[in-house]
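Colleague: Provided herewith is a single structure, encoded as structure tokens, for subsequent inquiry.
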Number of protein chains: 4
Amino acid sequence: MAFLALPAGHSAVAAAQIPADVKVVDLGPDFRLSDGAAWARHYSGPHPGRWITGIPELPGARAQIKTASRVAAPGCYATAAILALTPLVAAGLADPADVVIVAASGTSGAGRSLRTDLLASEVMGSASAYAVGGAHRHTPEIEQALAEAHGASGQVRVSFTPVLAPMPRGILATCTAGLARPELFADDVRDVLAAAYAAEPFVTLLPAGAWPATASVAGSNGVHLQASVDIRAGRIVVVAAIDNLGKGAAGQAIQDANLMLGLPETAGLTAIGVAP
Amino acid sequence: MAFLALPAGHSAVAAAQIPADVKVVDLGPDFRLSDGAAWARHYSGPHPGRWITGIPELPGARAQIKTASRVAAPGCYATAAILALTPLVAAGLADPADVVIVAASGTSGAGRSLRTDLLASEVMGSASAYAVGGAHRHTPEIEQALAEAHGASGQVRVSFTPVLAPMPRGILATCTAGLARPELFADDVRDVLAAAYAAEPFVTLLPAGAWPATASVAGSNGVHLQASVDIRAGRIVVVAAIDNLGKGAAGQAIQDANLMLGLPETAGLTAIGVAP
Amino acid sequence: MAFLALPAGHSAVAAAQIPADVKVVDLGPDFRLSDGAAWARHYSGPHPGRWITGIPELPGARAQIKTASRVAAPGCYATAAILALTPLVAAGLADPADVVIVAASGTSGAGRSLRTDLLASEVMGSASAYAVGGAHRHTPEIEQALAEAHGASGQVRVSFTPVLAPMPRGILATCTAGLARPELFADDVRDVLAAAYAAEPFVTLLPAGAWPATASVAGSNGVHLQASVDIRAGRIVVVAAIDNLGKGAAGQAIQDANLMLGLPETAGLTAIGVAP
Amino acid sequence: MAFLALPAGHSAVAAAQIPADVKVVDLGPDFRLSDGAAWARHYSGPHPGRWITGIPELPGARAQIKTASRVAAPGCYATAAILALTPLVAAGLADPADVVIVAASGTSGAGRSLRTDLLASEVMGSASAYAVGGAHRHTPEIEQALAEAHGASGQVRVSFTPVLAPMPRGILATCTAGLARPELFADDVRDVLAAAYAAEPFVTLLPAGAWPATASVAGSNGVHLQASVDIRAGRIVVVAAIDNLGKGAAGQAIQDANLMLGLPETAGLTAIGVAP
């Protein structure tokens, strides 16, 4: 197993030089999107195409990843939102045309870039928004997954706002969607999530009344979920917590690589965070 | 000037014992809501009625506060959301029937309660959601203000999710609403906010491209705003930063009291935060 | 293996009821001190006596722990200071009669006590001192270990000040001692530490020029050390970083239990922290 | 009043071009040290000489600053340590030949330099040491002030270790010194500090039993002090909290400028921090 560190947009060049029988998990964005127009809205250069999405918990994904030679692990925000919402869209509970996501991330999501706004003095004690209004590159990844969960015909509209929170790691994604059927209760939503993830080693639907906290999955590949229904507002609210460097990045890539190499899926990974 | 500290629901009892010519600003929730049903959804005991809402920046509010003997300062989350959205609802740009707000707060919003989930070890390095699904008490305050901005007849639906962020103070409210007219751009939204707050000493619409950070208003009565339009998602996104203990609580109460007492509105207050 | 949670001073009562052939690691203070007077200065009730000190890295300790039925794991601050200074005292480089230690700890060192000064709002963004002037209970543990490293006859004087730092876990101990021989350089000090811990799986003397940071050992049983000599001030300065819940508590107890049970010493433990 | 921002070592060049009747407070190190050898140990280039030390609370300093045209404000760590220890050295209680200081600082002490070790991801949740072993440039400033408090003849030896704490601002300095007379108690030490700072608007000796926390002076020009005596260790321990950007930098410079310009010393300054 080897690791390459390349700027976004360079995976395609590198991948072309790697023999087809060498298995590759790409943590960059190059091969995440089917839609060339979506690619062009957020990236420059030619659209490299699409590899299999590296979220084993998606329906049918695990079997595909096991036999794949090329897998594209999605972005950190996208992983959290996709795990929160796709089962509910697939089951017809959540309206994919009316999705609003606000997600707080720790600073390691930006890597070790030497930027003034990532200095400790600027970040500690302060929350701030960025890439507001649909500008964040993970937006089309979420749209694509919701569209695929929904089926080809329906409209998908996702408003996604990322927030920089004063913590080193972790993503807390508050994912809301219009209630597709007005008579639904929180238990209906929870039942769908419980069924979707019953056999998953890394995804935990918390007991009713408990809400995710990022520290509980820090340093792990775990995902914590909880859901509610706001009858008056007509919305489902699902909150997901992941470690942006775990299930949101390296952890999920290792999970993918484990599957591709025939290793136990959980090898080298844990679902238990370092908290406090 | 005197200060009384009373549990929620007790202001009404205390207020009844204060002569009518003694001016009172209530920081508690007792006199914030007109609607007895909204009161009953979130509080117990009889509905105490409503005083003038203590946000001087609302249309017509300043004049009313100046002559009032009783003013109810709204909740911290409510103040941020109301300042972000009411001008856009009033101007017909934002759809009050389709509002989704996710707001991160520092821990001082919960006061000095001795609760395990407020211990430093639990909070530092961790973001978490709470009161999800419309359960937070500030929701009806936001609904009431948006309804009043919109006019009596229309429907108002607000999905509000509070998030506890690992910082001592500050609220960052990401306030989204359906775009009431599809042809609008960010500049249209910014123009409305700029006009609404042009003469306000404590509200700053940031220069285009700059997004609010809570540290910039920490320790102050200031409000920082920025707005965008997500054409693809069909939503307006307004981000507001306040100090939950400043404009979200004591600062705004002093601003109200200054007006009621005929003092300069800014006496004892600043709009400049302590950052970093 | 079983765990008991008891208030300080109650281990002795519980231990008396546990058969002698059941192996016990005590994380409480009851059996840490030989000296009844030192016990009486910091605790109430009769002096329970002393068990073997559960720091396997001390000279001869590993063999004793392997055959022991009763082991007393030392306090978190004491572990950091003892690992930093005992090799230098034993080698005659550091003067045990002139030791000054200031150590910053994360808040989990105080457990989950519901105290106002441990609330997130009080701690975040703030450093504070406590138990100043020799009042902290870990002081006699450090004195005892330095006296034993030095040999019976010499005087030991330790000034220890704990500082509460705004972080959930970790101890950074700055341990200074008078230079016993004026001609020593940093390399001499580093050589002694390198030799003392060359074979230790959990203790790392950092490369020259790199200084310990608590995040590097967070969530682990690791210890990071670095040393310098201040010729002008005539002092050795050793900085140690541990996780107060790892090598400072549960991690070290598991390390002890592994030895007592004939398991690999590192079973279930890691020396690699979760950073950032 | 004007502000110039220059790299360390450039104040001397700039100062030479400013007419003598223009009053200057230098926040840089150029004119802090009398001793050319001390200068050469920590800085390069010729020794620019010495201006009056800009700590008005030092004996006789206020009168000198009032009539001075040139004042050198000392470093942030130095200000905290000097205020903590000089009255006790002057009174013969603390031994200036046996001083050990460990001080934790927030990250703004390093300015806005784009350094990897100052990134939020590296700092949050982590304490680390740096410039260990007498390497920090504020060390000779402390030595100089203690020597002047002590009188010309005595030896001064200061071991100073700075620690980077995960907070945006604040210095907590734990300052210990050998007890010059063995019969002293904490009250004796407190009495000396109380007398030294009785009339000072910015220095507060906390009530017995209360220990300084940096948040209490954040955003202010205030100084909080507390002291204890460790009889067994034979040391005085004084803890000082300041805001490194307040009394440790800009606040003190304004305090100096106020005096030089004949303004009220407290103009534009407060002693009350923004806490939490």
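Residues are referred to by chain and number: the chain letter is A, B, ... according to the order shown in the structure tokens, the number counts from 1 in that chain, and ligands are numbered separately from 1 in the order shown.
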Skipping near chain neighbours, those fewer than 2 positions away, what residues fall within 8 Å of Gly219 (chain B) using only C-alpha atoms, listed as an NGL selection string?
Modeller: (:B and (217 or 221 or 243 or 245-246 or 272-274)) or (:D and (274))
Colleague: Just to be explicit: take each residue in the selection above, keep N, CA and C atoms, and write the result as a short mmCIF file (atom, residue, chain, number, x, y, z; two decimals), in the first residue's frame.
Modeller:
data_model
loop_
_atom_site.label_atom_id
_atom_site.label_comp_id
_atom_site.auth_asym_id
_atom_site.auth_seq_id
_atom_site.Cartn_x
_atom_site.Cartn_y
_atom_site.Cartn_z
N VAL B 217 -17.25 40.26 17.10
CA VAL B 217 -18.22 41.00 17.91
C VAL B 217 -18.20 40.57 19.38
N ASN B 221 -21.77 44.95 21.58
CA ASN B 221 -23.19 44.91 21.21
C ASN B 221 -23.36 44.87 19.68
N ASP B 243 -22.65 38.61 19.80
CA ASP B 243 -22.23 38.08 21.09
C ASP B 243 -23.52 37.74 21.84
N LEU B 245 -24.01 37.26 24.81
CA LEU B 245 -24.13 38.02 26.06
C LEU B 245 -24.19 39.53 25.81
N GLY B 246 -23.92 39.94 24.55
CA GLY B 246 -23.97 41.36 24.20
C GLY B 246 -25.29 41.69 23.55
N ILE B 272 -17.40 47.19 18.76
CA ILE B 272 -16.10 46.60 18.39
C ILE B 272 -15.79 45.44 19.32
N GLY B 273 -15.59 44.28 18.77
CA GLY B 273 -15.34 43.10 19.57
C GLY B 273 -13.89 42.98 20.02
N VAL B 274 -13.67 42.07 20.96
CA VAL B 274 -12.32 41.75 21.41
C VAL B 274 -11.82 40.56 20.60
N VAL D 274 -13.02 40.72 29.45
CA VAL D 274 -14.21 40.14 28.85
C VAL D 274 -14.22 38.65 29.21
#
Colleague: Just want the 8 Å neighbourhood of region 81-91 of chain C, counted on only C-alpha atoms, with same-chain residues fewer than 4 positions away dropped. Output as a list in words.
Modeller: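 Residues near the query, excluding close chain neighbours: Glu57, Leu58, Tyr77, Asp95, Pro96, Ile101, Ile142, Ala145, Leu146, Ala149, His150, Gly151, Ala173, Cys175, Val189, Val192, Leu193, Ala196, Leu225, Val238, Val239 and Ala240 of chain C.
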Colleague: Once you have the residues from the selection above, write them out as a short mmCIF file (atom, residue, chain, number, x, y, z; two decimals), in the first residue's frame, restricted to all heavy atoms.
Modeller:
data_model
loop_
_atom_site.label_atom_id
_atom_site.label_comp_id
_atom_site.auth_asym_id
_atom_site.auth_seq_id
_atom_site.Cartn_x
_atom_site.Cartn_y
_atom_site.Cartn_z
N GLU C 57 8.69 1.96 33.98
CA GLU C 57 9.93 2.50 33.44
C GLU C 57 10.95 2.86 34.52
O GLU C 57 12.11 3.17 34.21
CB GLU C 57 9.64 3.74 32.59
CG GLU C 57 8.86 3.47 31.30
CD GLU C 57 7.35 3.38 31.52
OE1 GLU C 57 6.90 3.57 32.68
OE2 GLU C 57 6.63 3.13 30.54
N LEU C 58 10.54 2.85 35.81
CA LEU C 58 11.51 3.13 36.87
C LEU C 58 12.45 1.95 37.02
O LEU C 58 12.06 0.81 36.79
CB LEU C 58 10.77 3.39 38.20
CG LEU C 58 9.99 4.71 38.28
CD1 LEU C 58 9.29 4.82 39.64
CD2 LEU C 58 10.95 5.90 38.09
N TYR C 77 0.11 14.06 37.32
CA TYR C 77 1.22 15.01 37.37
C TYR C 77 2.50 14.30 37.82
O TYR C 77 3.59 14.55 37.30
CB TYR C 77 0.93 16.14 38.36
CG TYR C 77 -0.07 17.16 37.95
CD1 TYR C 77 -1.25 17.35 38.67
CD2 TYR C 77 0.15 18.00 36.86
CE1 TYR C 77 -2.18 18.33 38.31
CE2 TYR C 77 -0.77 18.97 36.49
CZ TYR C 77 -1.93 19.14 37.23
OH TYR C 77 -2.84 20.11 36.88
N ASP C 95 19.88 18.29 40.85
CA ASP C 95 19.90 18.42 42.31
C ASP C 95 18.49 18.24 42.86
O ASP C 95 17.63 19.11 42.65
CB ASP C 95 20.43 19.81 42.67
CG ASP C 95 20.44 20.06 44.17
OD1 ASP C 95 20.06 19.15 44.94
OD2 ASP C 95 20.81 21.18 44.56
N PRO C 96 18.21 17.16 43.56
CA PRO C 96 16.84 16.92 44.06
C PRO C 96 16.42 17.89 45.16
O PRO C 96 15.24 17.96 45.50
CB PRO C 96 16.90 15.48 44.59
CG PRO C 96 18.33 15.27 44.94
CD PRO C 96 19.13 16.09 43.96
N ILE C 101 8.71 22.62 39.54
CA ILE C 101 7.88 22.04 38.48
C ILE C 101 6.62 22.88 38.33
O ILE C 101 5.94 23.19 39.31
CB ILE C 101 7.47 20.59 38.83
CG1 ILE C 101 8.72 19.72 38.98
CG2 ILE C 101 6.52 20.02 37.77
CD1 ILE C 101 8.45 18.40 39.69
N ILE C 142 5.99 12.89 44.00
CA ILE C 142 7.19 13.28 43.26
C ILE C 142 8.40 13.26 44.18
O ILE C 142 9.47 12.74 43.84
CB ILE C 142 7.00 14.68 42.63
CG1 ILE C 142 5.78 14.70 41.70
CG2 ILE C 142 8.26 15.12 41.89
CD1 ILE C 142 5.33 16.09 41.27
N ALA C 145 9.63 9.72 44.86
CA ALA C 145 10.35 9.09 43.75
C ALA C 145 11.72 9.70 43.56
O ALA C 145 12.70 8.98 43.26
CB ALA C 145 9.52 9.22 42.47
N LEU C 146 11.83 11.01 43.74
CA LEU C 146 13.15 11.65 43.59
C LEU C 146 14.08 11.21 44.72
O LEU C 146 15.28 10.99 44.50
CB LEU C 146 13.01 13.17 43.56
CG LEU C 146 12.23 13.75 42.38
CD1 LEU C 146 12.28 15.28 42.40
CD2 LEU C 146 12.77 13.24 41.06
N ALA C 149 15.29 7.82 43.89
CA ALA C 149 16.27 7.85 42.80
C ALA C 149 17.62 8.35 43.30
O ALA C 149 18.68 7.91 42.83
CB ALA C 149 15.76 8.75 41.67
N HIS C 150 17.57 9.25 44.28
CA HIS C 150 18.78 9.90 44.77
C HIS C 150 19.52 9.01 45.77
O HIS C 150 20.73 9.09 45.92
CB HIS C 150 18.39 11.21 45.44
CG HIS C 150 19.53 12.05 45.88
ND1 HIS C 150 20.58 12.37 45.06
CD2 HIS C 150 19.79 12.65 47.07
CE1 HIS C 150 21.45 13.13 45.72
NE2 HIS C 150 20.99 13.30 46.93
N GLY C 151 18.77 8.17 46.47
CA GLY C 151 19.34 7.41 47.57
C GLY C 151 18.87 8.03 48.87
O GLY C 151 18.41 9.17 48.92
N ALA C 173 4.39 19.12 31.53
CA ALA C 173 5.13 19.40 32.76
C ALA C 173 6.49 20.00 32.44
O ALA C 173 7.29 19.37 31.76
CB ALA C 173 5.29 18.11 33.57
N CYS C 175 9.76 20.76 34.05
CA CYS C 175 10.43 20.29 35.26
C CYS C 175 11.85 20.82 35.28
O CYS C 175 12.66 20.46 34.41
CB CYS C 175 10.45 18.76 35.27
SG CYS C 175 8.83 18.00 35.00
N VAL C 189 22.57 15.76 29.37
CA VAL C 189 21.25 15.46 29.93
C VAL C 189 20.48 14.55 28.99
O VAL C 189 19.87 13.55 29.40
CB VAL C 189 20.47 16.77 30.19
CG1 VAL C 189 19.05 16.49 30.64
CG2 VAL C 189 21.21 17.63 31.21
N VAL C 192 21.60 10.90 29.11
CA VAL C 192 21.10 10.13 30.26
C VAL C 192 19.66 9.70 30.03
O VAL C 192 19.28 8.55 30.28
CB VAL C 192 21.24 10.95 31.56
CG1 VAL C 192 20.47 10.29 32.70
CG2 VAL C 192 22.70 11.13 31.92
N LEU C 193 18.85 10.62 29.53
CA LEU C 193 17.45 10.26 29.26
C LEU C 193 17.36 9.22 28.15
O LEU C 193 16.56 8.27 28.22
CB LEU C 193 16.64 11.51 28.89
CG LEU C 193 16.43 12.52 30.02
CD1 LEU C 193 15.78 13.80 29.47
CD2 LEU C 193 15.58 11.94 31.15
N ALA C 196 18.22 5.90 29.58
CA ALA C 196 17.22 5.39 30.52
C ALA C 196 16.02 4.80 29.81
O ALA C 196 15.41 3.83 30.27
CB ALA C 196 16.77 6.52 31.46
N LEU C 225 9.47 13.47 25.74
CA LEU C 225 10.41 14.20 26.60
C LEU C 225 11.38 15.02 25.75
O LEU C 225 11.75 14.61 24.65
CB LEU C 225 11.25 13.22 27.44
CG LEU C 225 10.54 12.35 28.47
CD1 LEU C 225 11.55 11.38 29.09
CD2 LEU C 225 9.89 13.20 29.55
N VAL C 238 13.54 19.96 31.87
CA VAL C 238 13.00 18.82 31.13
C VAL C 238 11.51 19.05 30.98
O VAL C 238 10.81 19.36 31.94
CB VAL C 238 13.23 17.48 31.86
CG1 VAL C 238 12.82 16.31 30.94
CG2 VAL C 238 14.67 17.34 32.29
N VAL C 239 11.02 18.91 29.75
CA VAL C 239 9.58 19.06 29.49
C VAL C 239 9.03 17.68 29.12
O VAL C 239 9.60 16.99 28.27
CB VAL C 239 9.32 20.07 28.36
CG1 VAL C 239 7.82 20.15 28.05
CG2 VAL C 239 9.86 21.44 28.75
N ALA C 240 7.95 17.32 29.79
CA ALA C 240 7.30 16.04 29.52
C ALA C 240 5.86 16.27 29.13
O ALA C 240 5.16 17.08 29.75
CB ALA C 240 7.33 15.15 30.77
#
Colleague: Quick one: pick out all alpha helix (DSSP H) residues within region 163-244 of chain B from a backbone DSSP run and write them as a list in words.
Modeller: Ala186, Asp187, Asp188, Val189, Arg190, Asp191, Val192, Leu193, Ala194, Ala195, Ala196 and Tyr197 of chain B
Colleague: Would you please work out which residue, of A:Asp191, A:Glu122, A:Glu143, A:Glu265, is nearest to chain B when using only C-alpha atoms?
Modeller: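 Under the stated criterion, the closest residue is A:Glu122.
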Colleague: Quick one: residues within 10 Å of Gly111 (chain A), only C-alpha atoms, excluding same-chain residues fewer than 6 positions away - as a ChimeraX atom specification?
Modeller: /A:118,245 /D:119,121
Colleague: For chain A against chain D, which residues fall within 8 Å using only C-alpha atoms, given as a PDB file with N, CA and C atoms, in the first residue's frame?
Modeller:
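That gives us out-v4.pdb:
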ATOM      1  N   GLY A 106     -14.182  21.193  11.999  1.00  0.00           N
ATOM      2  CA  GLY A 106     -12.926  21.581  12.620  1.00  0.00           C
ATOM      3  C   GLY A 106     -11.933  22.034  11.574  1.00  0.00           C
ATOM      4  N   THR A 107     -10.860  22.677  12.032  1.00  0.00           N
ATOM      5  CA  THR A 107      -9.939  23.334  11.116  1.00  0.00           C
ATOM      6  C   THR A 107      -9.083  22.380  10.304  1.00  0.00           C
ATOM      7  N   SER A 108      -8.919  21.151  10.752  1.00  0.00           N
ATOM      8  CA  SER A 108      -8.059  20.253   9.982  1.00  0.00           C
ATOM      9  C   SER A 108      -8.687  19.921   8.633  1.00  0.00           C
ATOM     10  N   ARG A 112      -3.092  21.759   6.186  1.00  0.00           N
ATOM     11  CA  ARG A 112      -2.095  22.559   6.905  1.00  0.00           C
ATOM     12  C   ARG A 112      -1.720  23.797   6.110  1.00  0.00           C
ATOM     13  N   LEU A 114      -1.021  27.416   5.058  1.00  0.00           N
ATOM     14  CA  LEU A 114      -0.603  28.583   5.842  1.00  0.00           C
ATOM     15  C   LEU A 114      -1.455  29.771   5.434  1.00  0.00           C
ATOM     16  N   ARG A 115      -2.669  29.814   5.986  1.00  0.00           N
ATOM     17  CA  ARG A 115      -3.585  30.920   5.706  1.00  0.00           C
ATOM     18  C   ARG A 115      -3.896  31.651   6.996  1.00  0.00           C
ATOM     19  N   THR A 116      -3.968  32.979   6.911  1.00  0.00           N
ATOM     20  CA  THR A 116      -4.213  33.782   8.104  1.00  0.00           C
ATOM     21  C   THR A 116      -5.495  33.357   8.808  1.00  0.00           C
ATOM     22  N   LEU A 118      -6.718  30.580   9.189  1.00  0.00           N
ATOM     23  CA  LEU A 118      -6.592  29.293   9.873  1.00  0.00           C
ATOM     24  C   LEU A 118      -5.635  29.358  11.053  1.00  0.00           C
ATOM     25  N   LEU A 119      -5.088  30.541  11.342  1.00  0.00           N
ATOM     26  CA  LEU A 119      -4.229  30.686  12.515  1.00  0.00           C
ATOM     27  C   LEU A 119      -5.050  30.488  13.785  1.00  0.00           C
ATOM     28  N   ALA A 120      -4.406  29.918  14.769  1.00  0.00           N
ATOM     29  CA  ALA A 120      -5.102  29.656  16.025  1.00  0.00           C
ATOM     30  C   ALA A 120      -5.710  30.924  16.613  1.00  0.00           C
ATOM     31  N   SER A 121      -4.984  32.037  16.533  1.00  0.00           N
ATOM     32  CA  SER A 121      -5.499  33.279  17.110  1.00  0.00           C
ATOM     33  C   SER A 121      -6.792  33.711  16.443  1.00  0.00           C
ATOM     34  N   GLU A 122      -6.951  33.404  15.176  1.00  0.00           N
ATOM     35  CA  GLU A 122      -8.165  33.810  14.454  1.00  0.00           C
ATOM     36  C   GLU A 122      -9.328  32.857  14.733  1.00  0.00           C
ATOM     37  N   VAL A 123      -9.006  31.605  14.963  1.00  0.00           N
ATOM     38  CA  VAL A 123     -10.044  30.566  15.015  1.00  0.00           C
ATOM     39  C   VAL A 123     -10.558  30.323  16.430  1.00  0.00           C
ATOM     40  N   MET A 124      -9.659  30.295  17.400  1.00  0.00           N
ATOM     41  CA  MET A 124     -10.083  29.922  18.746  1.00  0.00           C
ATOM     42  C   MET A 124     -11.117  30.907  19.270  1.00  0.00           C
ATOM     43  N   GLY A 125     -12.172  30.391  19.831  1.00  0.00           N
ATOM     44  CA  GLY A 125     -13.225  31.244  20.357  1.00  0.00           C
ATOM     45  C   GLY A 125     -14.105  31.857  19.299  1.00  0.00           C
ATOM     46  N   PRO A 166     -14.383  26.325  16.116  1.00  0.00           N
ATOM     47  CA  PRO A 166     -13.092  26.367  16.818  1.00  0.00           C
ATOM     48  C   PRO A 166     -12.745  25.034  17.466  1.00  0.00           C
ATOM     49  N   MET A 167     -12.454  24.049  16.647  1.00  0.00           N
ATOM     50  CA  MET A 167     -12.031  22.732  17.136  1.00  0.00           C
ATOM     51  C   MET A 167     -11.104  22.146  16.079  1.00  0.00           C
ATOM     52  N   PRO A 168     -10.184  21.280  16.478  1.00  0.00           N
ATOM     53  CA  PRO A 168      -9.207  20.799  15.500  1.00  0.00           C
ATOM     54  C   PRO A 168      -9.798  19.816  14.492  1.00  0.00           C
ATOM     55  N   ARG A 169     -10.747  19.003  14.906  1.00  0.00           N
ATOM     56  CA  ARG A 169     -11.309  18.037  13.967  1.00  0.00           C
ATOM     57  C   ARG A 169     -12.771  17.770  14.300  1.00  0.00           C
TER      58      ARG A 169
END
Colleague: Mind giving me the straight-line distance from CA of Leu6 (chain C) to CA of Asp30 (chain C) in Å, one decimal?
Modeller: 11.0 Å
Colleague: Residues at most 9 Å from Gly36 (chain A), counting only C-alpha atoms, excluding those fewer than 5 positions away in the same chain, as a list of chain:residue names?
Modeller: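 The residues satisfying every condition are A:Arg41, A:Pro46, A:His47, A:Pro48, A:Gly49.
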Colleague: Hey, can you spit out that residue selection with N, CA and C atoms as a PDB file, in the first residue's frame?
Modeller:
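Contents of result_37.pdb, as written:
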ATOM      1  N   ARG A  41     -18.444  23.721 -12.745  1.00  0.00           N
ATOM      2  CA  ARG A  41     -18.845  24.801 -11.822  1.00  0.00           C
ATOM      3  C   ARG A  41     -17.847  24.961 -10.687  1.00  0.00           C
ATOM      4  N   PRO A  46     -10.147  19.737 -17.702  1.00  0.00           N
ATOM      5  CA  PRO A  46     -11.115  18.771 -18.239  1.00  0.00           C
ATOM      6  C   PRO A  46     -11.684  17.879 -17.131  1.00  0.00           C
ATOM      7  N   HIS A  47     -12.900  17.425 -17.339  1.00  0.00           N
ATOM      8  CA  HIS A  47     -13.573  16.562 -16.377  1.00  0.00           C
ATOM      9  C   HIS A  47     -12.997  15.153 -16.481  1.00  0.00           C
ATOM     10  N   PRO A  48     -12.362  14.666 -15.392  1.00  0.00           N
ATOM     11  CA  PRO A  48     -11.663  13.378 -15.503  1.00  0.00           C
ATOM     12  C   PRO A  48     -12.595  12.172 -15.578  1.00  0.00           C
ATOM     13  N   GLY A  49     -13.876  12.332 -15.253  1.00  0.00           N
ATOM     14  CA  GLY A  49     -14.766  11.170 -15.247  1.00  0.00           C
ATOM     15  C   GLY A  49     -15.083  10.722 -13.834  1.00  0.00           C
TER      16      GLY A  49
END
